[in-house]
>>> print(open('entry-v3.csv').read())   # CSV, C-alpha atoms
chain,number,residue,atom,x,y,z
C,30,MET,CA,-134.3,54.6,6.8
C,31,ILE,CA,-135.0,52.0,9.4
C,32,ASN,CA,-137.5,54.3,11.0
C,33,ASP,CA,-139.2,54.8,7.6
C,34,ARG,CA,-139.6,51.0,7.2
C,35,ARG,CA,-141.0,50.8,10.7
C,36,SER,CA,-143.4,53.6,10.0
C,37,LEU,CA,-144.6,51.9,6.8
C,38,TRP,CA,-145.1,48.7,8.6
C,39,ARG,CA,-147.3,50.3,11.3
C,40,GLU,CA,-149.3,52.5,8.9
C,41,PRO,CA,-153.1,51.8,9.1
C,42,ARG,CA,-155.4,51.3,6.2
C,43,PRO,CA,-156.5,54.6,4.5
C,44,ALA,CA,-159.3,56.5,6.2
C,45,ASP,CA,-161.6,56.0,3.2
C,46,ALA,CA,-161.0,52.3,3.0
C,47,PRO,CA,-164.2,50.2,3.3
C,48,SER,CA,-164.4,48.2,6.5
C,49,GLY,CA,-166.4,45.2,5.2
C,50,SER,CA,-166.9,43.1,2.1
C,51,ALA,CA,-170.5,44.5,1.6
C,52,ALA,CA,-169.2,48.1,1.7
C,53,ALA,CA,-166.5,47.3,-0.9
C,54,LEU,CA,-168.9,46.2,-3.6
C,55,GLN,CA,-169.4,48.9,-6.2
C,56,TRP,CA,-170.7,48.9,-9.7
C,57,LEU,CA,-167.2,49.2,-11.2
C,58,ASP,CA,-166.3,45.9,-9.5
C,59,TRP,CA,-169.2,44.1,-11.1
C,60,VAL,CA,-168.3,45.6,-14.5
C,61,LEU,CA,-164.7,44.5,-14.1
C,62,VAL,CA,-165.7,41.0,-13.1
C,63,GLY,CA,-168.1,40.7,-16.0
C,64,GLY,CA,-165.7,42.1,-18.5
C,65,PHE,CA,-162.7,40.0,-17.5
C,66,THR,CA,-164.9,36.9,-17.2
C,67,LEU,CA,-166.2,37.4,-20.7
C,68,ALA,CA,-162.7,38.0,-22.0
C,69,ALA,CA,-161.4,34.9,-20.3
C,70,ALA,CA,-164.2,32.7,-21.7
C,71,LEU,CA,-163.8,34.1,-25.3
C,72,GLU,CA,-160.0,33.7,-25.1
C,73,ALA,CA,-160.3,30.1,-23.9
C,74,ILE,CA,-162.7,29.3,-26.8
C,75,PHE,CA,-161.0,31.1,-29.7
C,76,ARG,CA,-157.2,31.0,-28.8
C,77,PRO,CA,-155.7,27.9,-30.4
C,78,ASP,CA,-152.4,28.0,-28.6
C,79,VAL,CA,-153.6,27.6,-25.0
C,80,ALA,CA,-151.9,24.7,-23.3
C,81,PHE,CA,-153.7,22.9,-20.5
C,82,ARG,CA,-156.8,24.7,-21.7
C,83,SER,CA,-159.3,23.3,-19.1
C,84,LEU,CA,-157.0,23.9,-16.1
C,85,VAL,CA,-155.9,27.4,-17.2
C,86,THR,CA,-159.5,28.5,-18.0
C,87,ALA,CA,-160.8,27.2,-14.7
C,88,MET,CA,-158.0,29.1,-12.8
C,89,ALA,CA,-158.7,32.3,-14.7
C,90,LEU,CA,-162.5,32.1,-14.1
C,91,ALA,CA,-161.9,31.3,-10.4
C,92,LEU,CA,-159.7,34.3,-10.1
C,93,MET,CA,-162.2,36.9,-11.3
C,94,PRO,CA,-164.5,37.1,-8.2
C,95,ALA,CA,-161.5,38.3,-6.2
C,96,LEU,CA,-162.2,41.7,-7.8
C,97,LEU,CA,-165.3,42.0,-5.6
C,98,TRP,CA,-163.2,42.0,-2.4
C,99,ARG,CA,-160.1,43.8,-3.6
C,100,ARG,CA,-160.8,46.9,-1.4
C,101,SER,CA,-161.8,45.1,1.8
C,102,HIS,CA,-159.3,42.3,1.6
C,103,PRO,CA,-156.5,43.5,-0.6
C,104,LEU,CA,-153.7,41.2,0.7
C,105,THR,CA,-155.9,38.1,0.4
C,106,CYS,CA,-156.9,39.0,-3.2
C,107,VAL,CA,-153.2,39.6,-4.2
C,108,VAL,CA,-152.2,36.3,-2.7
C,109,ILE,CA,-155.0,34.5,-4.6
C,110,GLY,CA,-154.1,36.3,-7.9
C,111,PHE,CA,-150.4,36.1,-7.9
C,112,GLY,CA,-150.6,32.6,-6.2
C,113,ALA,CA,-152.4,31.5,-9.3
C,114,ALA,CA,-149.7,33.0,-11.5
C,115,MET,CA,-147.0,31.2,-9.4
C,116,ALA,CA,-148.8,27.9,-9.8
C,117,LEU,CA,-148.8,28.4,-13.6
C,118,SER,CA,-145.1,29.3,-13.6
C,119,VAL,CA,-144.3,26.1,-11.6
C,120,LEU,CA,-146.3,24.1,-14.0
C,121,GLN,CA,-144.5,25.7,-17.0
C,122,LEU,CA,-141.1,24.9,-15.5
C,123,ALA,CA,-142.1,21.3,-14.7
C,124,THR,CA,-143.5,20.6,-18.1
C,125,GLY,CA,-141.2,22.7,-20.2
C,126,SER,CA,-144.1,24.1,-22.1
C,127,GLY,CA,-144.5,27.6,-23.5
C,128,ASP,CA,-146.3,30.5,-21.8
C,129,LEU,CA,-149.3,29.4,-19.8
C,130,GLY,CA,-152.2,31.4,-18.8
C,131,LEU,CA,-154.7,33.7,-20.6
C,132,TYR,CA,-154.1,37.3,-21.5
C,133,SER,CA,-157.1,38.2,-19.4
C,134,MET,CA,-155.2,37.1,-16.3
C,135,ILE,CA,-153.7,40.6,-16.5
C,136,VAL,CA,-156.4,41.3,-13.9
C,137,VAL,CA,-153.8,40.6,-11.3
C,138,VAL,CA,-152.5,44.1,-12.0
C,139,VAL,CA,-155.8,45.5,-10.7
C,140,LEU,CA,-155.3,43.5,-7.5
C,141,LEU,CA,-151.8,44.9,-7.1
C,142,TYR,CA,-153.1,48.4,-7.5
C,143,SER,CA,-155.8,47.7,-4.8
C,144,LEU,CA,-153.2,46.4,-2.4
C,145,VAL,CA,-151.2,49.6,-2.5
C,146,ARG,CA,-154.2,51.8,-2.6
C,147,TRP,CA,-156.3,50.2,0.1
C,148,GLY,CA,-154.1,48.0,2.2
C,149,SER,CA,-152.4,48.7,5.6
C,150,GLY,CA,-148.6,49.2,5.7
C,151,ARG,CA,-148.2,45.6,6.9
C,152,GLU,CA,-150.4,44.3,4.1
C,153,VAL,CA,-148.5,46.3,1.5
C,154,VAL,CA,-145.1,45.1,2.6
C,155,LEU,CA,-146.1,41.5,2.8
C,156,GLY,CA,-148.1,41.7,-0.5
C,157,LEU,CA,-145.3,43.3,-2.4
C,158,ALA,CA,-142.8,40.7,-1.1
C,159,PHE,CA,-145.1,38.0,-2.3
C,160,VAL,CA,-145.6,39.7,-5.7
C,161,SER,CA,-141.8,40.0,-6.1
C,162,VAL,CA,-141.4,36.3,-5.6
C,163,ALA,CA,-144.2,35.6,-8.1
C,164,VAL,CA,-142.8,38.0,-10.7
C,165,ALA,CA,-139.3,36.5,-10.3
C,166,LEU,CA,-140.6,33.0,-10.7
C,167,GLY,CA,-142.6,34.1,-13.8
C,168,THR,CA,-139.5,35.8,-15.2
C,169,VAL,CA,-137.5,32.6,-14.9
C,170,ALA,CA,-140.2,30.5,-16.4
C,171,SER,CA,-140.9,32.8,-19.4
C,172,PHE,CA,-137.6,34.6,-19.9
C,173,THR,CA,-137.1,35.8,-23.4
C,174,ASP,CA,-134.8,38.9,-23.2
C,175,TRP,CA,-133.8,41.5,-20.7
C,176,GLY,CA,-135.7,44.2,-22.5
C,177,GLU,CA,-139.0,42.5,-21.9
C,178,VAL,CA,-138.1,41.9,-18.3
C,179,PHE,CA,-137.2,45.6,-17.9
C,180,ALA,CA,-140.5,46.7,-19.5
C,181,SER,CA,-142.5,44.4,-17.3
C,182,PHE,CA,-140.7,45.7,-14.2
C,183,VAL,CA,-141.4,49.3,-15.2
C,184,PHE,CA,-145.0,48.6,-15.9
C,185,LEU,CA,-145.6,47.1,-12.4
C,186,LEU,CA,-143.6,49.9,-10.8
C,187,LEU,CA,-145.9,52.4,-12.5
C,188,ILE,CA,-149.0,50.6,-11.2
C,189,VAL,CA,-147.6,50.7,-7.7
C,190,ALA,CA,-146.6,54.4,-8.0
C,191,ALA,CA,-150.0,55.4,-9.3
C,192,ALA,CA,-151.8,53.6,-6.5
C,193,ALA,CA,-149.4,55.3,-3.9
C,194,ALA,CA,-150.0,58.7,-5.4
C,195,LEU,CA,-153.8,58.3,-5.3
C,196,ARG,CA,-153.6,57.0,-1.8
C,197,TYR,CA,-151.5,60.0,-0.8
C,198,ARG,CA,-153.9,62.4,-2.5
C,199,ALA,CA,-156.9,60.9,-0.7
C,200,ASP,CA,-155.1,61.1,2.6
C,201,LEU,CA,-154.4,64.8,2.0
C,202,TRP,CA,-158.1,65.3,1.2
C,203,THR,CA,-159.1,63.5,4.4
C,204,ARG,CA,-156.7,65.5,6.5
C,205,ARG,CA,-157.9,68.7,5.0
C,206,ARG,CA,-161.5,67.8,5.8
C,207,VAL,CA,-160.5,67.1,9.4
C,208,GLU,CA,-158.7,70.4,9.6
C,209,ILE,CA,-161.7,72.3,8.2
C,210,ARG,CA,-164.0,70.5,10.7
C,211,ASN,CA,-161.7,71.5,13.5
C,212,GLN,CA,-161.6,75.1,12.4
C,213,GLU,CA,-165.4,75.2,12.3
C,214,ARG,CA,-165.5,73.7,15.8
C,215,VAL,CA,-163.1,76.3,17.0
C,216,GLY,CA,-165.1,79.1,15.4
C,217,LEU,CA,-168.4,77.8,16.7
C,218,ALA,CA,-167.0,77.2,20.2
C,219,ARG,CA,-165.6,80.8,20.3
C,220,GLU,CA,-169.0,82.2,19.4
C,221,LEU,CA,-170.7,80.0,22.1
C,222,HIS,CA,-168.0,81.0,24.6
C,223,ASP,CA,-168.7,84.7,24.0
C,224,THR,CA,-172.4,84.1,24.3
C,225,VAL,CA,-172.0,82.2,27.6
C,226,ALA,CA,-169.6,84.9,28.9
C,227,HIS,CA,-172.2,87.6,28.1
C,228,HIS,CA,-174.9,85.7,30.1
C,229,VAL,CA,-172.5,85.1,33.1
C,230,SER,CA,-171.6,88.8,33.1
C,231,ALA,CA,-175.3,89.7,33.2
C,232,ILE,CA,-175.8,87.2,36.1
C,233,ALA,CA,-173.0,88.8,38.0
C,234,VAL,CA,-174.4,92.3,37.5
C,235,GLN,CA,-177.9,91.2,38.6
C,236,ALA,CA,-176.4,89.5,41.7
C,237,GLN,CA,-174.6,92.7,42.6
C,238,ALA,CA,-177.7,94.7,42.2
C,239,GLY,CA,-179.7,92.2,44.2
C,240,GLY,CA,-177.2,92.6,47.1
C,241,VAL,CA,-177.7,96.3,47.1
C,242,VAL,CA,-181.5,96.4,47.0
C,243,ALA,CA,-182.0,93.4,49.3
C,244,ALA,CA,-181.4,95.4,52.5
C,245,THR,CA,-183.5,98.5,51.6
C,246,HIS,CA,-186.1,97.1,49.1
C,247,PRO,CA,-186.6,93.3,49.8
C,248,GLU,CA,-189.5,93.2,47.4
C,249,LYS,CA,-187.3,94.1,44.5
C,250,ALA,CA,-184.9,91.3,45.3
C,251,VAL,CA,-187.5,88.8,44.0
C,252,ALA,CA,-187.5,90.5,40.6
C,253,VAL,CA,-183.7,90.4,40.6
C,254,LEU,CA,-183.7,86.7,41.4
C,255,ALA,CA,-186.1,86.0,38.6
C,256,ALA,CA,-183.8,87.8,36.2
C,257,ILE,CA,-180.9,85.8,37.5
C,258,GLU,CA,-182.8,82.6,37.0
C,259,ALA,CA,-183.7,83.5,33.4
C,260,GLU,CA,-180.1,84.3,32.6
C,261,ALA,CA,-178.8,81.1,34.3
C,262,SER,CA,-181.3,79.0,32.4
C,263,GLN,CA,-180.3,80.5,29.1
C,264,THR,CA,-176.6,80.1,30.0
C,265,LEU,CA,-177.1,76.4,30.7
C,266,ALA,CA,-178.9,76.0,27.4
C,267,GLU,CA,-175.9,77.6,25.6
C,268,MET,CA,-173.4,75.5,27.5
C,269,ARG,CA,-175.2,72.3,26.4
C,270,ALA,CA,-174.5,73.4,22.8
C,271,MET,CA,-170.8,73.5,23.6
C,272,VAL,CA,-170.6,69.8,24.3
C,273,ARG,CA,-168.1,68.1,22.0
C,274,VAL,CA,-167.1,71.5,20.5
C,275,LEU,CA,-163.5,72.5,21.2
C,276,ARG,CA,-162.0,75.9,21.7
C,277,ASP,CA,-158.4,77.1,21.3
C,278,GLU,CA,-156.5,79.3,23.8
C,279,GLU,CA,-157.0,82.5,22.0
C,280,ALA,CA,-158.3,85.5,24.0
C,281,ALA,CA,-162.1,85.7,23.8
C,282,ASP,CA,-163.8,88.7,22.3
C,283,TYR,CA,-166.8,89.7,24.3
C,284,ALA,CA,-168.3,91.9,21.6
C,285,PRO,CA,-171.7,90.6,20.4
C,286,GLN,CA,-171.6,88.3,17.4
C,287,PRO,CA,-173.5,89.4,14.3
C,288,GLY,CA,-176.7,87.6,13.9
C,289,ILE,CA,-179.7,87.1,11.5
C,290,SER,CA,-180.9,90.7,12.1
C,291,ASP,CA,-177.6,92.0,10.8
C,292,LEU,CA,-178.3,90.4,7.5
C,293,LEU,CA,-180.5,93.3,6.7
C,294,ALA,CA,-177.4,95.5,6.5
C,295,LEU,CA,-176.1,93.4,3.6
C,296,ALA,CA,-179.1,94.2,1.5
C,297,ARG,CA,-178.6,96.7,-1.4
C,298,GLU,CA,-180.8,97.7,-4.3
C,299,GLY,CA,-178.7,99.7,-6.6
C,300,GLY,CA,-175.5,97.7,-6.4
C,301,SER,CA,-174.1,95.1,-8.7
C,302,PRO,CA,-175.3,92.6,-7.9
C,303,ALA,CA,-178.4,93.6,-6.0
C,304,VAL,CA,-178.9,91.8,-2.7
C,305,GLU,CA,-182.4,91.1,-1.2
C,306,VAL,CA,-182.8,89.9,2.3
C,307,HIS,CA,-186.1,88.4,3.5
C,308,LEU,CA,-186.7,87.4,7.2
C,309,ALA,CA,-189.8,85.6,8.3
C,310,GLY,CA,-191.0,83.9,11.5
C,311,PRO,CA,-190.2,84.1,15.2
C,312,LEU,CA,-186.5,84.8,14.7
C,313,ALA,CA,-186.2,86.3,18.2
C,314,GLN,CA,-186.5,82.8,19.5
C,315,VAL,CA,-183.4,81.5,17.6
C,316,PRO,CA,-180.6,80.5,20.0
C,317,GLN,CA,-177.6,82.9,19.8
C,318,ALA,CA,-175.2,80.2,18.6
C,319,MET,CA,-177.5,79.4,15.7
C,320,ASP,CA,-178.2,83.1,15.2
C,321,ALA,CA,-174.4,83.7,14.6
C,322,ALA,CA,-174.0,80.6,12.5
C,323,VAL,CA,-176.8,81.5,10.1
C,324,TYR,CA,-175.2,84.9,9.6
C,325,ARG,CA,-171.8,83.3,8.8
C,326,LEU,CA,-173.5,80.8,6.4
C,327,ALA,CA,-175.3,83.6,4.6
C,328,GLN,CA,-172.2,85.8,4.4
C,329,GLU,CA,-170.1,83.0,3.0
C,330,SER,CA,-172.8,82.2,0.4
C,331,LEU,CA,-172.9,85.8,-0.7
C,332,THR,CA,-169.1,85.9,-1.0
C,333,ASN,CA,-169.1,82.7,-3.1
C,334,ALA,CA,-171.8,84.1,-5.4
C,335,VAL,CA,-169.9,87.3,-6.0
C,336,ARG,CA,-166.6,85.5,-6.4
C,337,HIS,CA,-167.5,82.5,-8.5
C,338,ALA,CA,-170.6,83.4,-10.5
C,339,ARG,CA,-170.5,85.3,-13.8
C,340,ASN,CA,-173.0,87.9,-14.8
C,341,VAL,CA,-174.8,87.7,-11.5
C,342,THR,CA,-177.3,90.6,-11.1
C,343,ARG,CA,-179.4,89.5,-8.2
C,344,ILE,CA,-178.8,87.5,-5.0
C,345,VAL,CA,-181.7,86.7,-2.6
C,346,VAL,CA,-181.3,85.7,1.0
C,347,ASP,CA,-184.3,84.1,2.6
C,348,VAL,CA,-184.4,83.2,6.3
C,349,ALA,CA,-187.5,81.6,7.7
C,350,CYS,CA,-188.3,80.0,11.1
C,351,ASP,CA,-191.4,78.1,12.1
C,352,GLY,CA,-190.5,77.7,15.7
C,353,SER,CA,-188.9,74.2,15.4
C,354,THR,CA,-186.8,74.5,12.2
C,355,LEU,CA,-184.8,77.4,10.8
C,356,ARG,CA,-184.2,77.5,7.0
C,357,LEU,CA,-181.7,79.5,5.1
C,358,ARG,CA,-181.8,79.8,1.3
C,359,VAL,CA,-179.4,81.9,-0.7
C,360,THR,CA,-180.0,82.0,-4.5
C,361,ASP,CA,-178.4,83.9,-7.4
C,362,ASP,CA,-179.0,84.2,-11.1
C,363,GLY,CA,-175.3,84.0,-12.2
C,364,GLN,CA,-173.6,81.7,-14.5
C,365,GLY,CA,-171.0,79.2,-13.2
C,366,ASP,CA,-167.4,79.7,-14.2
C,367,GLY,CA,-166.5,76.1,-13.9
C,368,SER,CA,-164.9,76.4,-10.5
C,369,ARG,CA,-168.2,76.4,-8.5
C,370,THR,CA,-169.4,72.8,-8.1
C,371,ALA,CA,-171.5,71.1,-5.4
C,372,ASP,CA,-168.6,68.8,-4.4
C,373,SER,CA,-165.6,71.0,-4.5
C,374,GLY,CA,-164.2,74.0,-2.6
C,375,PHE,CA,-163.1,74.1,1.0
C,376,GLY,CA,-165.3,77.1,1.8
C,377,LEU,CA,-168.4,75.1,0.9
C,378,LEU,CA,-167.1,72.1,2.9
C,379,GLY,CA,-166.6,74.4,5.9
C,380,MET,CA,-170.3,75.6,5.6
C,381,ILE,CA,-171.5,72.0,5.5
C,382,GLU,CA,-169.4,71.1,8.6
C,383,ARG,CA,-170.8,74.1,10.5
C,384,ALA,CA,-174.4,73.1,9.6
C,385,GLU,CA,-173.8,69.5,10.7
C,386,LEU,CA,-172.2,70.7,14.0
C,387,LEU,CA,-175.5,72.4,14.8
C,388,GLY,CA,-177.4,69.2,14.0
C,389,GLY,CA,-178.6,70.3,10.6
C,390,SER,CA,-177.7,69.9,6.9
C,391,LEU,CA,-176.6,72.1,4.0
C,392,ASP,CA,-176.9,71.5,0.3
C,393,ALA,CA,-175.6,73.6,-2.6
C,394,GLY,CA,-175.9,73.2,-6.3
C,395,PRO,CA,-177.1,74.7,-9.6
C,396,ARG,CA,-180.8,75.5,-9.9
C,397,PRO,CA,-182.9,74.0,-12.7
C,398,GLY,CA,-183.7,77.5,-14.1
C,399,GLY,CA,-180.2,78.7,-13.9
C,400,GLY,CA,-178.1,80.2,-11.1
C,401,TRP,CA,-177.0,78.6,-7.9
C,402,ALA,CA,-178.8,77.8,-4.6
C,403,VAL,CA,-177.6,77.1,-1.0
C,404,ASP,CA,-180.1,75.5,1.3
C,405,ALA,CA,-179.5,75.0,5.0
C,406,VAL,CA,-181.9,73.4,7.4
C,407,LEU,CA,-181.2,73.7,11.1
C,408,PRO,CA,-183.3,72.2,13.9
C,409,MET,CA,-184.0,74.8,16.7
C,410,GLY,CA,-183.7,72.2,19.5
C,411,ALA,CA,-180.1,71.1,18.5
C,412,ALA,CA,-178.6,74.4,19.6
C,413,ARG,CA,-180.3,74.5,23.0
>>> encode(input="entry-v3.csv", output="structure tokens")
Amino acid sequence: MINDRRSLWREPRPADAPSGSAAALQWLDWVLVGGFTLAAALEAIFRPDVAFRSLVTAMALALMPALLWRRSHPLTCVVIGFGAAMALSVLQLATGSGDLGLYSMIVVVVLLYSLVRWGSGREVVLGLAFVSVAVALGTVASFTDWGEVFASFVFLLLIVAAAAALRYRADLWTRRRVEIRNQERVGLARELHDTVAHHVSAIAVQAQAGGVVAATHPEKAVAVLAAIEAEASQTLAEMRAMVRVLRDEEAADYAPQPGISDLLALAREGGSPAVEVHLAGPLAQVPQAMDAAVYRLAQESLTNAVRHARNVTRIVVDVACDGSTLRLRVTDDGQGDGSRTADSGFGLLGMIERAELLGGSLDAGPRPGGGWAVDAVLPMGAAR
């Protein structure tokens, strides 16, 4: 248990937490500020039972801007919000008056949620300790019966639990994204490793041949050296693409990887659905790493179309290269089943990660005329 507390104390802020005040500002924050400010103003005007009206109203209005920084500075905002509540509790105890504050000051619950959702472990521990003191003081100042105290405690506990659950869910999603990215790196590195191994094997064979012919046919050794130079240059180009791409310890498979030309084997006319493949441009110039990646992207797109689209009758795969950029487009005429969206699915996420590893981009979504489209743009120079 002591270790758990130490772990919580050292826990960093969530990976999706904004790093600065400017990044934290979202339209929802402005809506909350405007809504609660309006509510506080109307309450101060029309509620007849507000004691210390001017002071309470000023404190409530001064509290509202804290919503703008609740993600980037959650502990500070909680201290401001619940500090104001503590000040009103002290004033209530000192004057013996009834409940102070406006109903709109319930905004402090939003700040409590933000503390647990966005704060570091240290901020959460310190913030919850401060909130506990503020709640205890407020309970003493406004005690009516134990049922109300219990209900308030349960309400605050539910807010904390909801924030913790959403934080945990976001952390799982972030970890899953990292895992998928690492898997794509491993897959891409394996393909690059196999390509480089193929070139090195060719260099070794050429060098052996050069040693044989050099003694009897020196003029042929020049051609062998030229072939070795070409293979070495291509090998260096492929190895540059392996920078920052990791590979696991699994045994390498030296069989050639399927490439763009192998997409033609996926075409079928009489099947259900029919698959058309169109290739255009100088595709022979495509680096082998990108060649294999495009095949994988097209294959995954076809699988997704067959698996998730209803009533699909036709799938079209277009691959075009203009010498500097390679474009892949996979379209279908199916109807979505509700599970295929542009922002969900780890398979689609893996495709996006693979395209980005090659310096390109990939977009997927419904087409205006119906059906689905996957568009990938890969710069040729990024894979060299």
>>> residues_around(input="entry-v3.csv", residues="Ala46 in chain C", least_positions_apart="4", cutoff="7 Å", atoms="only C-alpha atoms", output="MDAnalysis selection string")
chainID C and resid 42 100 147
>>> residues_around(input="entry-v3.csv", residues="range 118-120 of chain C", least_positions_apart="2", cutoff="9 Å", atoms="only C-alpha atoms", output="list of chain:residue names")
C:Ala113, C:Ala114, C:Met115, C:Ala116, C:Leu122, C:Ala123, C:Thr124, C:Gly125, C:Ser126, C:Asp128, C:Leu129, C:Ala163, C:Leu166, C:Gly167, C:Thr168, C:Val169, C:Ala170, C:Ser171
>>> closest_residue(input="entry-v3.csv", among="C:Ala194, C:Leu391, C:Leu331, C:Leu293", to="Gly363 in chain C", atoms="all atoms listed in the file")
C:Leu331
>>> closest_residue(input="entry-v3.csv", among="C:Val359, C:Gly400, C:Glu382, C:Trp38", to="Val207 in chain C", atoms="only C-alpha atoms")
C:Glu382
>>> closest_residue(input="entry-v3.csv", among="C:Leu386, C:Ala303, C:Leu140, C:Val323", to="Ala405 in chain C", atoms="only C-alpha atoms")
C:Val323
>>> atom_distance(input="entry-v3.csv", atom1="CA of Ala69 in chain C", atom2="CA of Leu187 in chain C")
24.6 Å
>>> closest_residue(input="entry-v3.csv", among="C:Thr66, C:Ser390, C:Thr105, C:Gln212", to="Ala87 in chain C", atoms="only C-alpha atoms")
C:Thr66
>>> decode(input="entry-v3.csv", residues="range 82-101 of chain C", atoms="N, CA and C atoms", output="PDB file, in the first residue's frame")
ATOM      1  N   ARG C  82     -24.184  40.254  -0.454  1.00  0.00           N
ATOM      2  CA  ARG C  82     -24.419  40.102  -1.891  1.00  0.00           C
ATOM      3  C   ARG C  82     -23.227  40.564  -2.726  1.00  0.00           C
ATOM      4  N   SER C  83     -22.726  41.762  -2.458  1.00  0.00           N
ATOM      5  CA  SER C  83     -21.641  42.310  -3.285  1.00  0.00           C
ATOM      6  C   SER C  83     -20.387  41.463  -3.189  1.00  0.00           C
ATOM      7  N   LEU C  84     -20.009  41.058  -1.970  1.00  0.00           N
ATOM      8  CA  LEU C  84     -18.804  40.263  -1.781  1.00  0.00           C
ATOM      9  C   LEU C  84     -18.944  38.888  -2.430  1.00  0.00           C
ATOM     10  N   VAL C  85     -20.063  38.234  -2.180  1.00  0.00           N
ATOM     11  CA  VAL C  85     -20.273  36.886  -2.721  1.00  0.00           C
ATOM     12  C   VAL C  85     -20.307  36.903  -4.241  1.00  0.00           C
ATOM     13  N   THR C  86     -20.978  37.903  -4.804  1.00  0.00           N
ATOM     14  CA  THR C  86     -21.052  38.004  -6.269  1.00  0.00           C
ATOM     15  C   THR C  86     -19.681  38.251  -6.883  1.00  0.00           C
ATOM     16  N   ALA C  87     -18.902  39.130  -6.245  1.00  0.00           N
ATOM     17  CA  ALA C  87     -17.559  39.413  -6.755  1.00  0.00           C
ATOM     18  C   ALA C  87     -16.683  38.164  -6.705  1.00  0.00           C
ATOM     19  N   MET C  88     -16.782  37.390  -5.632  1.00  0.00           N
ATOM     20  CA  MET C  88     -15.977  36.160  -5.525  1.00  0.00           C
ATOM     21  C   MET C  88     -16.400  35.138  -6.570  1.00  0.00           C
ATOM     22  N   ALA C  89     -17.702  35.031  -6.794  1.00  0.00           N
ATOM     23  CA  ALA C  89     -18.190  34.069  -7.790  1.00  0.00           C
ATOM     24  C   ALA C  89     -17.729  34.443  -9.188  1.00  0.00           C
ATOM     25  N   LEU C  90     -17.846  35.715  -9.532  1.00  0.00           N
ATOM     26  CA  LEU C  90     -17.441  36.158 -10.875  1.00  0.00           C
ATOM     27  C   LEU C  90     -15.928  36.049 -11.052  1.00  0.00           C
ATOM     28  N   ALA C  91     -15.173  36.300  -9.990  1.00  0.00           N
ATOM     29  CA  ALA C  91     -13.720  36.187 -10.093  1.00  0.00           C
ATOM     30  C   ALA C  91     -13.281  34.741 -10.230  1.00  0.00           C
ATOM     31  N   LEU C  92     -14.099  33.835  -9.797  1.00  0.00           N
ATOM     32  CA  LEU C  92     -13.764  32.408  -9.862  1.00  0.00           C
ATOM     33  C   LEU C  92     -13.917  31.833 -11.263  1.00  0.00           C
ATOM     34  N   MET C  93     -14.833  32.361 -12.055  1.00  0.00           N
ATOM     35  CA  MET C  93     -15.173  31.760 -13.344  1.00  0.00           C
ATOM     36  C   MET C  93     -14.008  31.646 -14.328  1.00  0.00           C
ATOM     37  N   PRO C  94     -13.122  32.658 -14.453  1.00  0.00           N
ATOM     38  CA  PRO C  94     -12.014  32.507 -15.423  1.00  0.00           C
ATOM     39  C   PRO C  94     -11.083  31.338 -15.140  1.00  0.00           C
ATOM     40  N   ALA C  95     -11.117  30.791 -13.929  1.00  0.00           N
ATOM     41  CA  ALA C  95     -10.262  29.632 -13.633  1.00  0.00           C
ATOM     42  C   ALA C  95     -10.591  28.454 -14.540  1.00  0.00           C
ATOM     43  N   LEU C  96     -11.804  28.421 -15.097  1.00  0.00           N
ATOM     44  CA  LEU C  96     -12.169  27.338 -16.008  1.00  0.00           C
ATOM     45  C   LEU C  96     -11.294  27.309 -17.256  1.00  0.00           C
ATOM     46  N   LEU C  97     -10.748  28.459 -17.623  1.00  0.00           N
ATOM     47  CA  LEU C  97      -9.933  28.518 -18.834  1.00  0.00           C
ATOM     48  C   LEU C  97      -8.593  27.816 -18.662  1.00  0.00           C
ATOM     49  N   TRP C  98      -8.119  27.697 -17.437  1.00  0.00           N
ATOM     50  CA  TRP C  98      -6.803  27.099 -17.193  1.00  0.00           C
ATOM     51  C   TRP C  98      -6.909  25.811 -16.377  1.00  0.00           C
ATOM     52  N   ARG C  99      -8.089  25.230 -16.351  1.00  0.00           N
ATOM     53  CA  ARG C  99      -8.279  24.050 -15.514  1.00  0.00           C
ATOM     54  C   ARG C  99      -7.514  22.838 -16.039  1.00  0.00           C
ATOM     55  N   ARG C 100      -7.179  22.782 -17.315  1.00  0.00           N
ATOM     56  CA  ARG C 100      -6.416  21.650 -17.851  1.00  0.00           C
ATOM     57  C   ARG C 100      -4.916  21.843 -17.697  1.00  0.00           C
ATOM     58  N   SER C 101      -4.440  23.050 -17.923  1.00  0.00           N
ATOM     59  CA  SER C 101      -3.000  23.297 -17.853  1.00  0.00           C
ATOM     60  C   SER C 101      -2.509  23.541 -16.433  1.00  0.00           C
TER      61      SER C 101
END
